[in-house]
Amino acid sequence: MEKDPVCGMSVDPKTARSQVHAGHTYYFCSQGCQTKFTADPEKYLKPAMAEAVVASEGTIYTCPMHPEIRRDHPGNCPKCGMALEPEMPNLQAEDNPELRDFTQRFWWTLPLSVIVMALAMLGHGLGLMSMATQSWVELILATPVVLWAGWPFLERGVRSIGQRSPNMFTLIGLGVSSAYVYSVIATLAPGAFPTAFAAHGRIGVYFEAAAVIVSLTLLGQILELKARSQTSAAIRSLLGLAPKTARRLRSDGLEEDVPLDQVQVGDRLRVRPGEKVPIDGVVLEGESHVDESMLTGEPVPVHRKPGDAVIGATLNGNGSLVVRAEKVGTGTLLSQIVQMVAQAQRSRAPMQRMADAVSFWFVLGVIGIALTTLLVWGLFGPEPSWVYGFINAVAVLIIACPCALGLATPMSIMVATGRAASSGVLFRDAAAIEMLRRIDTLIVDKTGTLTQGAPAFHSVQAVAGYTSRQVLQLAASLDQGSEHPLAAAIVTEARAKGVALSAVQGFEAVTGIGVRGVVDGQALTLGNTALMQQTGADTAPLTAAAEALRAEGASVMFLAVDARLVGLVAVSDPIKPSTPEALKTLRALGIEVVMATGDGVTTARAVAQRLGITEFYGEIRPEGKARLVADSKAKGRRVAMAGDGINDAPALAGADVGIAMGTGTDVAMNSAHITLVKGDLLGIARAIDISQATVRNMKQNLGFALLYNSLGVPIAAGVLYPIFGILLSPMLAALAMSLSSASVVGNALRLRGRTS
């Protein structure tokens with residue numbers, strides 16, 4: 001029999017809940033933890049491997065403080081006792097059974113708590129009944145409050161002790177049960193207590209403390225559950241962006257409205273003025289301006305014409321478009337954004353590890369302080385000393401709730417990732433949010449990052465024996481097999497001039513430096529100087545012309561036929577209009593910007609000078625970019641790498657923070673820690689601002705939680721009594737405990753107001 005590494009519970013294949021999936025039987029921990037065991041319980045699946053098995057069960061519920069806890073049904077976290085919530089919210093706000101249950105318990109028993117408190121405070125003075133009778137009345141009224149309304153807290157407290165995982169409900173359960181059990185015994189058998197415990201002719205009872213603590217704890221949980229539900233508002237708003245139907249063009253020319261989930265790749269869809277684009281696709285007919293602000297954060301509509309890409313859930317302007325579906329369902333950018341936001345919200349920030357370690361020992365320490373309080377007051381306090389000791393010990397247990405400490409960072413992360421997504425910034429995990437604010441060096445690619453990434457043809461030159469048209473025809477024929485933006489510009493120019501292209505065979509992309517292939521029986525090589533040197537082609541005849549073009553900022557590619565230079569093709573890539581402003585903002589944040597590009601050194605210098613970049617590298621290959629990142633980190637720099645191509649993936653993965661442009665390749669985005677939907681450097685400035693605000697918010701929450709407990713526990717223990725005669729009632733301690741958790745969640749929700 002094996003123990004679950006998450007919660008410590010035993011897992012026995014003979015009794016554990018099982019599920020058959022993909023031909024294998026998996027056994028589930030009885031506490032619903034993420035760990036899944038195979039038929040041999042000693043060979044359990046790691047969480048990442050088990051996720052596919054769990055996903056097949058439908059809605060997954062997880063703990064906001066311990067995301068490794070996953071269940072296929074609602075319930076409570078076996079570690080902290082908090083209510084589990086859906087890992088992926090639905091478009092419609094789900095009914096929260098725990099919120100509904102707690103609300104019913106609160107309102108049904110609140111009148112009883114109020115009456116018990118009134119009797120305890122005023123009953124003796126009004127002379128409505130004898131003190132013995134009053135104790136019995138309080139017992140009758142408080143019992144349903146404690147044993148019914150407070151049962152979830154008592155149950156969680158017992159479970160936490162059994163699982164050796166002390167948490168907030170351990171303290172609440174001990175405090176409430178101590179006050180209630182003591183009062184019941186005092187009512188049923190008052191003679192069992194010494195006369196020192198008597199006050200006003202009876203043994204003191206504290207039914208009002210137990211009842212009011214339960215009511216206030218219920219109120220705090222209700223406020224917290226309502227506030228936590230708002231952290232999913234960002235995902236729901238993203239899900240709500242997608243239209244429910246699409247207008248599909250049939251083969252017979254007719255149009256029909258179909259549910260969005262019936263749209264297939266290759267379908268032709270009409271998007272009328274004012275409608276949302278249903279899927280990711282390419283414009284076939286029509287022109288319009290499309291508002292992409294809901295996904296990219298950019299307020300200015302962009303012009304879209306035939307051949308341009310459009311993003312699902314964006315808003316069409318005043319033109320009618322016919323769009324071919326390229327990505328549908330979970331493949332759309334919107335779906336990827338939702339998945340990334342959900343993943344980031346459930347990840348654990350490095351700062352959270354400290355809070356977790358503190359919370360565990362904190363609860364044990366509080367129990368020790370409560371016992372010490374009882375003994376010190378009982379042995380050395382004024383009469384009735386043990387009564388004072390008991391009340392103060394209960395107050396210590398109640399006020400020292402670690403919930404605020406545990407919620408401090410998860411709430412900030414959940415709110416911040418949702419807010420960032422609405423600004424076009426997607427964080428892969430919480431660690432990226434923490435790390436981004438610390439970077440001091442940003443290495444950027446040129447094409448698609450500093451420039452528009454949609455190069456335009458510039459010019460073509462040929463050596464003796466070849467014409468410019470021949471060079472263009474050969475280069476474009478070879479580039480038909482390439483997806484690089486530079487290749488697309490050459491092919492587009494050739495077709496625009498009516499140049500007939502030949503078929504290419506044996507096409508090979510030499511990452512970062514060019515392409516090779518066979519066209520009309522000739523071995524062609526098209527690329528930069530480094531590739532020409534590998535091929536053995538002498539570039540001297542066109543070196544001067546190439547340098548002149550590079551000085552203008554153009555990218556130059558030499559063309560060799562059978563290892564002999566025959567010409568060059570120049571393509572220019574305009575700098576993005578937002579790049580100068582973005583670089584200025586980044587420099588103001590103290591970040592040094594370094595440019596690394598596969599283009600020639602002269603081209604790199606021209607672009608760098610135009611943008612005021614002092615450190616730049618040209619003709620750098622993918623391994624060179626990765627090495628540049630490693631060298632910068634070795635010098636003690638905190639490095640972020642921004643790029644958009646496959647050749648940037650190694651550097652993105654190796655950087656402290658990899659930043660992928662959403663307009664680039666999937667490989668780049670999968671290798672990065674952050675994705676900018678718009679593919680704009682201004683997004684990095686927005687991401688840094690969000691990172692700084694989030695970490696500041698987490699520190700505020702942690703600081704508040706620690707300050708609250710460092711002040712509350714001593715006051716509850718009675719340190720102010722010798723000087724000021726002040727004691728903290730357990731009821732006030734319960735109120736302070738509830739408000740502390742609500743305030744942490746409320747402070748995290750302030751991040752939704754970030755406008756950067």
# chains A, B, ... in the order shown; residues from 1 in each chain; ligands from 1
>>> residues_around(residues="Val471 in chain A", least_positions_apart="6", cutoff="12 Å", atoms="only C-alpha atoms", output="short mmCIF file (atom, residue, chain, number, x, y, z; two decimals) with C-alpha atoms, in the first residue's frame")
data_model
loop_
_atom_site.label_atom_id
_atom_site.label_comp_id
_atom_site.auth_asym_id
_atom_site.auth_seq_id
_atom_site.Cartn_x
_atom_site.Cartn_y
_atom_site.Cartn_z
CA SER A 459 15.45 45.66 -55.56
CA VAL A 460 17.37 42.98 -57.46
CA GLN A 461 20.84 43.06 -59.01
CA ALA A 462 22.60 40.58 -61.29
CA VAL A 463 26.19 39.84 -62.28
CA ALA A 464 27.33 39.62 -65.87
CA GLY A 465 25.65 36.82 -67.79
CA SER A 477 11.16 29.76 -57.47
CA LEU A 478 13.44 28.62 -54.65
CA ILE A 490 10.22 37.98 -53.14
CA ALA A 494 7.81 37.89 -58.97
CA VAL A 499 7.41 35.95 -63.78
CA LEU A 501 8.06 30.19 -61.39
CA LEU A 524 20.53 27.16 -55.90
CA THR A 525 21.59 28.78 -52.63
CA LEU A 526 19.93 31.97 -51.36
CA MET A 557 20.27 37.86 -49.85
CA PHE A 558 22.87 36.58 -52.28
CA LEU A 559 21.88 34.03 -54.93
CA ALA A 560 24.36 31.38 -56.07
CA VAL A 561 23.86 28.86 -58.88
CA LEU A 565 27.31 34.06 -57.39
CA VAL A 566 24.73 35.30 -59.89
CA GLY A 567 23.03 38.18 -58.10
CA LEU A 568 21.37 39.53 -55.01
CA VAL A 569 17.86 40.36 -53.88
CA ALA A 570 17.13 43.15 -51.39
#
>>> closest_residue(among="A:Leu586, A:Leu269, A:Val425, A:Val518", to="Lys678 in chain A", atoms="only C-alpha atoms")
A:Val425
>>> residues_around(residues="Arg627 in chain A", least_positions_apart="5", cutoff="10 Å", atoms="only C-alpha atoms", output="number ranges by chain")
A: 621-622, 632-633, 650-651, 654
>>> write_last_selection(atoms="N, CA and C atoms", output="PDB file, in the first residue's frame")
ATOM      1  N   ARG A 621      23.394  33.492 -35.769  1.00  0.00           N
ATOM      2  CA  ARG A 621      22.579  32.302 -35.973  1.00  0.00           C
ATOM      3  C   ARG A 621      21.811  31.971 -34.690  1.00  0.00           C
ATOM      4  N   PRO A 622      20.842  31.022 -34.760  1.00  0.00           N
ATOM      5  CA  PRO A 622      20.056  30.680 -33.570  1.00  0.00           C
ATOM      6  C   PRO A 622      20.912  30.300 -32.363  1.00  0.00           C
ATOM      7  N   SER A 632      25.197  36.875 -21.410  1.00  0.00           N
ATOM      8  CA  SER A 632      24.666  38.018 -20.658  1.00  0.00           C
ATOM      9  C   SER A 632      24.280  37.598 -19.245  1.00  0.00           C
ATOM     10  N   LYS A 633      23.689  36.409 -19.109  1.00  0.00           N
ATOM     11  CA  LYS A 633      23.326  35.923 -17.774  1.00  0.00           C
ATOM     12  C   LYS A 633      24.579  35.647 -16.944  1.00  0.00           C
ATOM     13  N   PRO A 650      15.360  28.763 -29.167  1.00  0.00           N
ATOM     14  CA  PRO A 650      16.366  28.404 -28.155  1.00  0.00           C
ATOM     15  C   PRO A 650      16.702  29.558 -27.218  1.00  0.00           C
ATOM     16  N   ALA A 651      16.807  30.760 -27.756  1.00  0.00           N
ATOM     17  CA  ALA A 651      17.119  31.918 -26.917  1.00  0.00           C
ATOM     18  C   ALA A 651      15.955  32.259 -25.998  1.00  0.00           C
ATOM     19  N   GLY A 654      16.025  29.903 -23.120  1.00  0.00           N
ATOM     20  CA  GLY A 654      17.174  30.072 -22.241  1.00  0.00           C
ATOM     21  C   GLY A 654      17.179  31.346 -21.433  1.00  0.00           C
TER      22      GLY A 654
END
>>> residues_around(residues="Ala642 in chain A", least_positions_apart="2", cutoff="8 Å", atoms="only C-alpha atoms", output="tab-separated table (two decimals) with N, CA, C and O atoms, in the first residue's frame")
chain	number	residue	atom	x	y	z
A	442	LEU	N	17.21	43.54	-22.30
A	442	LEU	CA	16.24	42.99	-23.24
A	442	LEU	C	16.92	42.77	-24.58
A	442	LEU	O	17.36	43.72	-25.22
A	443	ILE	N	17.03	41.50	-24.99
A	443	ILE	CA	17.59	41.16	-26.29
A	443	ILE	C	16.44	40.97	-27.26
A	443	ILE	O	15.52	40.19	-26.98
A	444	VAL	N	16.47	41.69	-28.38
A	444	VAL	CA	15.36	41.63	-29.31
A	444	VAL	C	15.84	41.21	-30.69
A	444	VAL	O	16.93	41.57	-31.13
A	445	ASP	N	15.01	40.46	-31.37
A	445	ASP	CA	15.21	40.17	-32.77
A	445	ASP	C	14.79	41.41	-33.57
A	445	ASP	O	14.07	42.26	-33.05
A	449	THR	N	9.90	42.08	-34.74
A	449	THR	CA	9.92	42.59	-33.37
A	449	THR	C	10.11	44.09	-33.38
A	449	THR	O	9.27	44.85	-32.92
A	640	ALA	N	15.86	39.27	-20.61
A	640	ALA	CA	14.63	38.91	-21.31
A	640	ALA	C	14.95	38.88	-22.80
A	640	ALA	O	15.74	39.68	-23.29
A	644	ASP	N	10.12	36.29	-32.53
A	644	ASP	CA	8.88	35.76	-33.10
A	644	ASP	C	9.07	34.57	-34.02
A	644	ASP	O	8.10	34.04	-34.55
A	652	LEU	N	14.72	32.12	-26.51
A	652	LEU	CA	13.54	32.40	-25.68
A	652	LEU	C	13.49	31.45	-24.49
A	652	LEU	O	13.17	31.85	-23.37
A	658	GLY	N	11.37	34.74	-21.47
A	658	GLY	CA	11.23	34.73	-22.93
A	658	GLY	C	9.93	35.39	-23.32
A	658	GLY	O	8.88	35.08	-22.75
A	659	ILE	N	9.99	36.31	-24.28
A	659	ILE	CA	8.81	37.06	-24.69
A	659	ILE	C	8.57	36.82	-26.18
A	659	ILE	O	9.39	37.19	-27.02
A	660	ALA	N	7.46	36.19	-26.50
A	660	ALA	CA	7.15	35.86	-27.90
A	660	ALA	C	6.12	36.83	-28.44
A	660	ALA	O	5.21	37.26	-27.73
A	661	MET	N	6.30	37.19	-29.70
A	661	MET	CA	5.32	38.03	-30.38
A	661	MET	C	4.18	37.15	-30.87
A	661	MET	O	4.41	36.14	-31.55
>>> atom_distance(atom1="CA of Arg610 in chain A", atom2="CA of His458 in chain A")
18.7 Å
>>> residues_around(residues="Gly274 in chain A", least_positions_apart="6", cutoff="8 Å", atoms="only C-alpha atoms", output="compact mmCIF listing (two decimals) with N, CA, C and O atoms, in the first residue's frame")
# COMPACT_ATOMS: atom_id res chain seq x y z
N LEU A 315 -13.98 42.59 -33.93
CA LEU A 315 -15.20 43.22 -34.43
C LEU A 315 -14.97 43.84 -35.81
O LEU A 315 -14.11 44.71 -35.97
N ASN A 316 -15.75 43.38 -36.78
CA ASN A 316 -15.66 43.92 -38.14
C ASN A 316 -16.26 45.32 -38.18
O ASN A 316 -17.23 45.63 -37.49
N GLY A 317 -15.66 46.16 -39.04
CA GLY A 317 -16.13 47.54 -39.17
C GLY A 317 -17.26 47.66 -40.17
O GLY A 317 -18.24 46.91 -40.13
N ASN A 318 -17.11 48.60 -41.11
CA ASN A 318 -18.22 48.90 -42.03
C ASN A 318 -18.12 48.19 -43.37
O ASN A 318 -18.88 48.49 -44.28
>>> residues_around(residues="Ala209 in chain A", least_positions_apart="6", cutoff="12 Å", atoms="only C-alpha atoms", output="tab-separated table (two decimals) with all heavy atoms, in the first residue's frame")
chain	number	residue	atom	x	y	z
A	113	SER	N	-28.05	33.59	17.10
A	113	SER	CA	-26.80	34.15	17.62
A	113	SER	C	-27.04	35.51	18.25
A	113	SER	O	-26.47	35.83	19.30
A	113	SER	CB	-25.77	34.27	16.48
A	113	SER	OG	-25.43	33.01	15.96
A	114	VAL	N	-27.89	36.32	17.62
A	114	VAL	CA	-28.18	37.65	18.16
A	114	VAL	C	-28.88	37.55	19.51
A	114	VAL	O	-28.54	38.27	20.46
A	114	VAL	CB	-29.04	38.45	17.16
A	114	VAL	CG1	-29.52	39.76	17.79
A	114	VAL	CG2	-28.26	38.73	15.89
A	116	VAL	N	-28.77	35.00	21.67
A	116	VAL	CA	-27.83	34.48	22.67
A	116	VAL	C	-26.89	35.59	23.14
A	116	VAL	O	-26.61	35.72	24.34
A	116	VAL	CB	-27.03	33.30	22.08
A	116	VAL	CG1	-25.90	32.90	23.03
A	116	VAL	CG2	-27.93	32.12	21.83
A	117	MET	N	-26.40	36.39	22.20
A	117	MET	CA	-25.51	37.49	22.57
A	117	MET	C	-26.23	38.51	23.45
A	117	MET	O	-25.67	39.02	24.43
A	117	MET	CB	-24.95	38.16	21.32
A	117	MET	CG	-23.93	39.25	21.63
A	117	MET	SD	-23.15	39.92	20.14
A	117	MET	CE	-24.57	40.67	19.33
A	118	ALA	N	-27.49	38.82	23.10
A	118	ALA	CA	-28.25	39.78	23.89
A	118	ALA	C	-28.49	39.26	25.31
A	118	ALA	O	-28.39	40.01	26.29
A	118	ALA	CB	-29.57	40.08	23.20
A	119	LEU	N	-28.81	37.98	25.44
A	119	LEU	CA	-29.01	37.40	26.77
A	119	LEU	C	-27.72	37.46	27.59
A	119	LEU	O	-27.75	37.75	28.80
A	119	LEU	CB	-29.49	35.96	26.65
A	119	LEU	CG	-30.95	35.75	26.20
A	119	LEU	CD1	-31.23	34.27	25.99
A	119	LEU	CD2	-31.91	36.33	27.23
A	120	ALA	N	-26.61	37.14	26.94
A	120	ALA	CA	-25.34	37.15	27.67
A	120	ALA	C	-24.97	38.55	28.15
A	120	ALA	O	-24.40	38.71	29.23
A	120	ALA	CB	-24.23	36.60	26.77
A	121	MET	N	-25.31	39.56	27.36
A	121	MET	CA	-24.93	40.92	27.71
A	121	MET	C	-25.96	41.60	28.61
A	121	MET	O	-25.59	42.40	29.48
A	121	MET	CB	-24.75	41.74	26.43
A	121	MET	CG	-23.62	41.23	25.53
A	121	MET	SD	-23.49	42.17	23.98
A	121	MET	CE	-23.08	43.79	24.61
A	138	GLU	N	-29.66	29.60	26.71
A	138	GLU	CA	-28.54	29.84	25.79
A	138	GLU	C	-28.05	28.54	25.16
A	138	GLU	O	-27.67	28.50	23.98
A	138	GLU	CB	-27.40	30.54	26.55
A	138	GLU	CG	-27.71	31.97	26.97
A	138	GLU	CD	-26.53	32.64	27.66
A	138	GLU	OE1	-25.40	32.14	27.50
A	138	GLU	OE2	-26.75	33.64	28.35
A	139	LEU	N	-28.05	27.46	25.96
A	139	LEU	CA	-27.64	26.16	25.42
A	139	LEU	C	-28.58	25.73	24.28
A	139	LEU	O	-28.12	25.29	23.21
A	139	LEU	CB	-27.66	25.12	26.53
A	139	LEU	CG	-27.54	23.64	26.09
A	139	LEU	CD1	-26.23	23.40	25.37
A	139	LEU	CD2	-27.67	22.71	27.29
A	142	ALA	N	-27.98	28.13	21.22
A	142	ALA	CA	-26.64	28.08	20.60
A	142	ALA	C	-26.35	26.74	19.93
A	142	ALA	O	-25.54	26.68	18.99
A	142	ALA	CB	-25.57	28.38	21.64
A	145	VAL	N	-26.78	26.56	16.20
A	145	VAL	CA	-25.80	27.43	15.54
A	145	VAL	C	-24.45	26.71	15.43
A	145	VAL	O	-23.82	26.67	14.37
A	145	VAL	CB	-25.63	28.76	16.31
A	145	VAL	CG1	-24.59	29.63	15.61
A	145	VAL	CG2	-26.95	29.48	16.42
A	146	VAL	N	-24.02	26.11	16.55
A	146	VAL	CA	-22.71	25.47	16.57
A	146	VAL	C	-22.71	24.14	15.82
A	146	VAL	O	-21.84	23.89	14.98
A	146	VAL	CB	-22.25	25.26	18.03
A	146	VAL	CG1	-20.95	24.45	18.07
A	146	VAL	CG2	-22.06	26.60	18.73
A	172	ILE	N	-10.23	27.50	14.15
A	172	ILE	CA	-11.65	27.82	14.34
A	172	ILE	C	-12.35	26.67	15.07
A	172	ILE	O	-13.13	26.87	16.01
A	172	ILE	CB	-12.33	28.11	13.00
A	172	ILE	CG1	-11.75	29.39	12.38
A	172	ILE	CG2	-13.84	28.25	13.18
A	172	ILE	CD1	-12.22	29.65	10.97
A	175	GLY	N	-11.31	26.59	18.73
A	175	GLY	CA	-11.86	27.71	19.48
A	175	GLY	C	-13.34	27.55	19.76
A	175	GLY	O	-13.81	27.70	20.90
A	176	VAL	N	-14.11	27.23	18.70
A	176	VAL	CA	-15.56	27.11	18.86
A	176	VAL	C	-15.92	25.91	19.74
A	176	VAL	O	-16.75	26.01	20.66
A	176	VAL	CB	-16.24	26.97	17.47
A	176	VAL	CG1	-17.72	26.61	17.63
A	176	VAL	CG2	-16.09	28.27	16.69
A	177	SER	N	-15.29	24.75	19.46
A	177	SER	CA	-15.62	23.55	20.24
A	177	SER	C	-15.22	23.71	21.71
A	177	SER	O	-15.93	23.23	22.61
A	177	SER	CB	-14.95	22.32	19.63
A	177	SER	OG	-13.54	22.48	19.60
A	178	SER	N	-14.10	24.38	21.97
A	178	SER	CA	-13.68	24.59	23.36
A	178	SER	C	-14.70	25.42	24.11
A	178	SER	O	-15.11	25.08	25.23
A	178	SER	CB	-12.31	25.28	23.39
A	178	SER	OG	-11.32	24.48	22.80
A	179	ALA	N	-15.12	26.54	23.51
A	179	ALA	CA	-16.10	27.41	24.17
A	179	ALA	C	-17.43	26.69	24.37
A	179	ALA	O	-18.07	26.80	25.44
A	179	ALA	CB	-16.29	28.68	23.35
A	180	TYR	N	-17.86	25.92	23.37
A	180	TYR	CA	-19.16	25.26	23.45
A	180	TYR	C	-19.15	24.11	24.45
A	180	TYR	O	-20.04	23.99	25.32
A	180	TYR	CB	-19.56	24.75	22.06
A	180	TYR	CG	-20.89	24.01	22.04
A	180	TYR	CD1	-22.09	24.70	22.14
A	180	TYR	CD2	-20.93	22.63	21.95
A	180	TYR	CE1	-23.31	24.03	22.14
A	180	TYR	CE2	-22.14	21.94	21.94
A	180	TYR	CZ	-23.32	22.66	22.03
A	180	TYR	OH	-24.52	21.99	22.04
A	181	VAL	N	-18.14	23.23	24.36
A	181	VAL	CA	-18.08	22.08	25.26
A	181	VAL	C	-17.93	22.53	26.71
A	181	VAL	O	-18.59	21.99	27.62
A	181	VAL	CB	-16.92	21.15	24.85
A	181	VAL	CG1	-16.70	20.05	25.89
A	181	VAL	CG2	-17.20	20.52	23.50
A	182	TYR	N	-17.09	23.52	26.93
A	182	TYR	CA	-16.92	24.04	28.30
A	182	TYR	C	-18.26	24.55	28.84
A	182	TYR	O	-18.64	24.26	29.98
A	182	TYR	CB	-15.90	25.18	28.28
A	182	TYR	CG	-15.88	26.01	29.54
A	182	TYR	CD1	-15.12	25.62	30.64
A	182	TYR	CD2	-16.64	27.18	29.64
A	182	TYR	CE1	-15.11	26.38	31.81
A	182	TYR	CE2	-16.64	27.93	30.80
A	182	TYR	CZ	-15.87	27.53	31.88
A	182	TYR	OH	-15.87	28.28	33.03
A	183	SER	N	-19.01	25.28	28.00
A	183	SER	CA	-20.28	25.86	28.44
A	183	SER	C	-21.33	24.78	28.68
A	183	SER	O	-22.15	24.90	29.60
A	183	SER	CB	-20.78	26.87	27.40
A	183	SER	OG	-19.83	27.91	27.22
A	215	SER	N	-21.24	32.53	13.36
A	215	SER	CA	-21.95	33.44	12.46
A	215	SER	C	-20.97	34.37	11.74
A	215	SER	O	-21.10	34.60	10.53
A	215	SER	CB	-22.98	34.26	13.24
A	215	SER	OG	-24.02	33.44	13.72
A	216	LEU	N	-20.01	34.90	12.48
A	216	LEU	CA	-19.05	35.81	11.85
A	216	LEU	C	-18.14	35.07	10.88
A	216	LEU	O	-17.77	35.61	9.83
A	216	LEU	CB	-18.22	36.52	12.93
A	216	LEU	CG	-18.97	37.57	13.76
A	216	LEU	CD1	-18.09	38.09	14.89
A	216	LEU	CD2	-19.43	38.73	12.87
A	217	THR	N	-17.78	33.83	11.20
A	217	THR	CA	-16.95	33.05	10.28
A	217	THR	C	-17.73	32.74	9.01
A	217	THR	O	-17.18	32.80	7.90
A	217	THR	CB	-16.49	31.75	10.95
A	217	THR	OG1	-15.79	32.05	12.15
A	217	THR	CG2	-15.57	30.97	10.02
A	390	PHE	N	-9.02	30.91	29.83
A	390	PHE	CA	-9.79	30.18	28.82
A	390	PHE	C	-10.27	31.12	27.72
A	390	PHE	O	-10.13	30.83	26.52
A	390	PHE	CB	-10.97	29.48	29.49
A	390	PHE	CG	-11.89	28.80	28.52
A	390	PHE	CD1	-11.53	27.60	27.92
A	390	PHE	CD2	-13.10	29.38	28.18
A	390	PHE	CE1	-12.37	26.98	27.01
A	390	PHE	CE2	-13.94	28.76	27.27
A	390	PHE	CZ	-13.58	27.56	26.69
A	391	ILE	N	-10.86	32.26	28.10
A	391	ILE	CA	-11.40	33.19	27.12
A	391	ILE	C	-10.29	33.75	26.23
A	391	ILE	O	-10.44	33.85	25.00
A	391	ILE	CB	-12.14	34.35	27.82
A	391	ILE	CG1	-13.38	33.80	28.54
A	391	ILE	CG2	-12.54	35.42	26.83
A	391	ILE	CD1	-14.36	33.12	27.61
A	392	ASN	N	-9.17	34.10	26.80
A	392	ASN	CA	-8.07	34.65	26.00
A	392	ASN	C	-7.46	33.59	25.09
A	392	ASN	O	-7.04	33.90	23.96
A	392	ASN	CB	-6.98	35.23	26.92
A	392	ASN	CG	-7.44	36.49	27.62
A	392	ASN	OD1	-8.31	37.20	27.11
A	392	ASN	ND2	-6.87	36.78	28.78
A	394	VAL	N	-9.11	31.11	23.72
A	394	VAL	CA	-10.05	30.99	22.60
A	394	VAL	C	-9.87	32.15	21.63
A	394	VAL	O	-9.88	31.98	20.40
A	394	VAL	CB	-11.50	30.92	23.12
A	394	VAL	CG1	-12.49	31.03	21.95
A	394	VAL	CG2	-11.73	29.63	23.88
A	395	ALA	N	-9.69	33.36	22.16
A	395	ALA	CA	-9.50	34.53	21.29
A	395	ALA	C	-8.24	34.38	20.44
A	395	ALA	O	-8.23	34.75	19.26
A	395	ALA	CB	-9.42	35.80	22.14
A	398	ILE	N	-8.92	32.00	17.55
A	398	ILE	CA	-9.82	32.52	16.52
A	398	ILE	C	-9.18	33.61	15.69
A	398	ILE	O	-9.31	33.65	14.46
A	398	ILE	CB	-11.11	33.05	17.18
A	398	ILE	CG1	-11.87	31.90	17.86
A	398	ILE	CG2	-12.01	33.74	16.15
A	398	ILE	CD1	-12.26	30.79	16.92
A	728	LEU	N	-9.51	41.24	24.59
A	728	LEU	CA	-10.18	41.11	23.29
A	728	LEU	C	-11.19	39.98	23.36
A	728	LEU	O	-10.83	38.82	23.60
A	728	LEU	CB	-9.17	40.83	22.18
A	728	LEU	CG	-9.71	40.81	20.75
A	728	LEU	CD1	-10.22	42.19	20.35
A	728	LEU	CD2	-8.63	40.36	19.77
A	729	SER	N	-12.45	40.30	23.14
A	729	SER	CA	-13.50	39.28	23.14
A	729	SER	C	-13.30	38.32	21.98
A	729	SER	O	-12.91	38.73	20.88
A	729	SER	CB	-14.87	39.95	23.03
A	729	SER	OG	-15.86	39.01	22.68
A	730	PRO	N	-13.56	37.02	22.18
A	730	PRO	CA	-13.49	36.07	21.06
A	730	PRO	C	-14.39	36.47	19.90
A	730	PRO	O	-14.10	36.15	18.74
A	730	PRO	CB	-13.94	34.75	21.69
A	730	PRO	CG	-13.59	34.88	23.13
A	730	PRO	CD	-13.82	36.33	23.46
A	731	MET	N	-15.50	37.15	20.19
A	731	MET	CA	-16.40	37.58	19.12
A	731	MET	C	-15.73	38.63	18.24
A	731	MET	O	-15.82	38.60	17.01
A	731	MET	CB	-17.70	38.13	19.71
A	731	MET	CG	-18.55	37.06	20.39
A	731	MET	SD	-20.10	37.72	21.04
A	731	MET	CE	-19.49	38.68	22.42
A	732	LEU	N	-15.04	39.58	18.88
A	732	LEU	CA	-14.31	40.58	18.09
A	732	LEU	C	-13.15	39.94	17.34
A	732	LEU	O	-12.81	40.35	16.23
A	732	LEU	CB	-13.79	41.69	19.02
A	732	LEU	CG	-14.86	42.57	19.67
A	732	LEU	CD1	-14.20	43.60	20.60
A	732	LEU	CD2	-15.68	43.29	18.60
A	733	ALA	N	-12.53	38.92	17.94
A	733	ALA	CA	-11.45	38.21	17.26
A	733	ALA	C	-11.98	37.53	16.00
A	733	ALA	O	-11.33	37.54	14.95
A	733	ALA	CB	-10.83	37.18	18.20
A	734	ALA	N	-13.18	36.95	16.08
A	734	ALA	CA	-13.78	36.30	14.91
A	734	ALA	C	-14.08	37.31	13.82
A	734	ALA	O	-13.87	37.05	12.63
A	734	ALA	CB	-15.06	35.57	15.32
A	735	LEU	N	-14.57	38.48	14.21
A	735	LEU	CA	-14.85	39.52	13.23
A	735	LEU	C	-13.57	39.99	12.55
A	735	LEU	O	-13.52	40.13	11.32
A	735	LEU	CB	-15.55	40.71	13.91
A	735	LEU	CG	-15.87	41.90	13.01
A	735	LEU	CD1	-16.83	41.50	11.90
A	735	LEU	CD2	-16.45	43.04	13.84
>>> select_by_dssp(residues="range 442-481 of chain A", states="alpha helix (DSSP H)", output="list in words")
Ser468, Arg469, Gln470, Val471, Leu472, Gln473, Leu474, Ala475, Ala476, Ser477, Leu478 and Asp479 of chain A
>>> write_last_selection(atoms="C-alpha atoms", output="compact mmCIF listing (two decimals), in the first residue's frame")
# COMPACT_ATOMS: atom_id res chain seq x y z
CA SER A 468 17.62 40.95 -63.05
CA ARG A 469 14.51 39.11 -64.20
CA GLN A 470 16.38 35.79 -64.27
CA VAL A 471 17.74 36.36 -60.75
CA LEU A 472 14.25 37.21 -59.51
CA GLN A 473 12.77 34.16 -61.24
CA LEU A 474 15.32 31.78 -59.68
CA ALA A 475 15.13 33.34 -56.21
CA ALA A 476 11.32 33.33 -56.18
CA SER A 477 11.16 29.76 -57.47
CA LEU A 478 13.44 28.62 -54.65
CA ASP A 479 11.58 30.64 -52.01
>>> atom_distance(atom1="CA of Ala606 in chain A", atom2="CA of Val556 in chain A")
13.0 Å
